[in-house]
Amino acid sequence: MRFIAATIAVLMLTTGLASAVEVKEKGAYMGAALGSTEYDQDNLVTGPNVDEKDGGFQLWGGYKFFKWFAVEGRASYLGEYTFGPVKSEYTALTGHAVFILPFGQSGWDIYGQLGLGLVNQNVSGLGASGDDTGSTGTAGLVVRWTPAPAWTISLGVDAWAWELETISGSKVDASVAMGRLGLQYNF
């Protein structure tokens, strides 16, 4: 995954310097991304039977109101993690405010996003299974390139943080970070 992301980043940099595309200032869009995820939790004991890394994906849709601001909704699969005999799988539904900083008419921009939503934990193992849903906060930073008015390629990092109840009943802070590569269609 790192090789693919590095290759696409180099292609974006070299081809982006030679072309300038006028990016749409308003309009709807939808996109998808694949990424590598990592789970973190307060007081998590690591060891040979603990797997805190997985893959994830996102689907999103939104509307760009100005060249510097958009609102979007996302559905994210945050991965499955193993803690000895217990497996936990996480998904999230979130809404975001997206703040965009375009670099002139180059087709390049960076954006930061802040969001709120719900995260779902599905636990199985040790004779226990079940779902737990709670509120989450999310933030991210992304570099994007629009090689054609209808298409945008992105490379970024997103993170989700929430409080969850463990199998023993105690409350802990948990988070997932995702490095991702995405493709977006601009209507």
# chains A, B, ... in the order shown; residues from 1 in each chain; ligands from 1

call {"tool": "select_by_dssp", "arguments": {"residues": "chain A", "states": "strand (DSSP E)", "output": "ChimeraX atom specification"}}
result
/A:27-41,50-51,53-66,69-83,86-102,108-125,128-148,151-165,171-186

call {"tool": "residues_around", "arguments": {"residues": "Leu183 (chain A)", "least_positions_apart": "3", "cutoff": "7 Å", "atoms": "only C-alpha atoms", "output": "list in words"}}
result
Gly31, Ala32, Ala33, Thr152, Ile153 and Ser154 of chain A

call {"tool": "residues_around", "arguments": {"residues": "Gly95 (chain A)", "least_positions_apart": "6", "cutoff": "6 Å", "atoms": "only C-alpha atoms", "output": "list of chain:residue names"}}
result
A:Glu72, A:Gly73, A:Gly115, A:Leu116

call {"tool": "closest_residue", "arguments": {"among": "A:Leu34, A:Leu164, A:Leu59, A:Leu155", "to": "Tyr185 (chain A)", "atoms": "only C-alpha atoms"}}
result
A:Leu59

call {"tool": "select_by_dssp", "arguments": {"residues": "region 10-106 of chain A", "states": "helix (DSSP H, G or I)", "output": "JSON, numbers by chain"}}
result
{"A": [10, 11, 12, 13, 14, 15, 16, 17, 18]}

call {"tool": "residues_around", "arguments": {"residues": "Trp162 (chain A)", "least_positions_apart": "6", "cutoff": "7 Å", "atoms": "only C-alpha atoms", "output": "PyMOL selection string"}}
result
chain A and resi 135-137+173-175

call {"tool": "residues_around", "arguments": {"residues": "Val119 (chain A)", "least_positions_apart": "4", "cutoff": "6 Å", "atoms": "only C-alpha atoms", "output": "list in words"}}
result
Thr91, Ala92, Thr133, Gly134 and Thr136 of chain A

call {"tool": "residues_around", "arguments": {"residues": "Glu52 (chain A)", "least_positions_apart": "6", "cutoff": "12 Å", "atoms": "only C-alpha atoms", "output": "compact mmCIF listing (two decimals) with N, CA and C atoms, in the first residue's frame"}}
result
# COMPACT_ATOMS: atom_id res chain seq x y z
N SER A 36 -5.09 2.16 5.14
CA SER A 36 -4.52 1.33 6.18
C SER A 36 -4.90 1.94 7.53
N THR A 37 -5.42 1.12 8.45
CA THR A 37 -5.92 1.63 9.73
C THR A 37 -5.09 1.11 10.89
N GLU A 38 -5.11 1.88 11.98
CA GLU A 38 -4.46 1.46 13.22
C GLU A 38 -5.33 1.87 14.40
N TYR A 39 -5.56 0.92 15.30
CA TYR A 39 -6.41 1.10 16.47
C TYR A 39 -5.56 1.46 17.67
N ASP A 40 -6.07 2.32 18.55
CA ASP A 40 -5.40 2.67 19.79
C ASP A 40 -6.45 2.80 20.89
N GLN A 41 -6.11 2.33 22.08
CA GLN A 41 -7.04 2.37 23.22
C GLN A 41 -6.25 2.60 24.49
N LEU A 44 -4.36 -0.37 26.76
CA LEU A 44 -4.40 -1.59 25.96
C LEU A 44 -3.08 -2.33 26.14
N VAL A 45 -3.17 -3.58 26.57
CA VAL A 45 -1.99 -4.41 26.76
C VAL A 45 -1.67 -5.06 25.42
N THR A 46 -0.49 -4.77 24.88
CA THR A 46 -0.10 -5.35 23.61
C THR A 46 0.67 -6.63 23.84
N LEU A 78 -13.72 0.93 9.62
CA LEU A 78 -12.49 1.26 10.31
C LEU A 78 -11.62 0.05 10.63
N GLY A 79 -12.05 -1.15 10.28
CA GLY A 79 -11.22 -2.33 10.45
C GLY A 79 -11.67 -3.27 11.53
N GLU A 80 -11.01 -4.44 11.56
CA GLU A 80 -11.25 -5.47 12.58
C GLU A 80 -9.93 -5.72 13.30
N TYR A 81 -9.99 -5.76 14.63
CA TYR A 81 -8.79 -5.88 15.44
C TYR A 81 -8.94 -7.05 16.40
N THR A 82 -7.82 -7.72 16.70
CA THR A 82 -7.82 -8.91 17.54
C THR A 82 -7.09 -8.61 18.85
N PHE A 83 -7.75 -8.93 19.94
CA PHE A 83 -7.18 -8.76 21.27
C PHE A 83 -7.25 -10.12 21.96
N GLY A 84 -6.28 -10.98 21.69
CA GLY A 84 -6.33 -12.35 22.18
C GLY A 84 -7.49 -13.07 21.51
N LYS A 87 -12.40 -10.37 19.13
CA LYS A 87 -12.29 -9.57 17.91
C LYS A 87 -13.28 -8.42 17.99
N SER A 88 -12.83 -7.24 17.58
CA SER A 88 -13.68 -6.05 17.52
C SER A 88 -13.62 -5.46 16.13
N GLU A 89 -14.79 -5.14 15.59
CA GLU A 89 -14.89 -4.54 14.26
C GLU A 89 -15.60 -3.19 14.42
N ALA A 174 -10.83 5.35 22.97
CA ALA A 174 -10.32 4.59 21.83
C ALA A 174 -10.23 5.49 20.62
N SER A 175 -9.39 5.11 19.67
CA SER A 175 -9.27 5.87 18.43
C SER A 175 -8.78 4.97 17.31
N VAL A 176 -9.08 5.38 16.08
CA VAL A 176 -8.58 4.72 14.88
C VAL A 176 -8.04 5.82 13.97
N ALA A 177 -6.86 5.60 13.40
CA ALA A 177 -6.29 6.50 12.40
C ALA A 177 -6.21 5.74 11.08

call {"tool": "closest_residue", "arguments": {"among": "A:Gly104, A:Gly130, A:Gly62, A:Gly35", "to": "Ala159 (chain A)", "atoms": "only C-alpha atoms"}}
result
A:Gly35
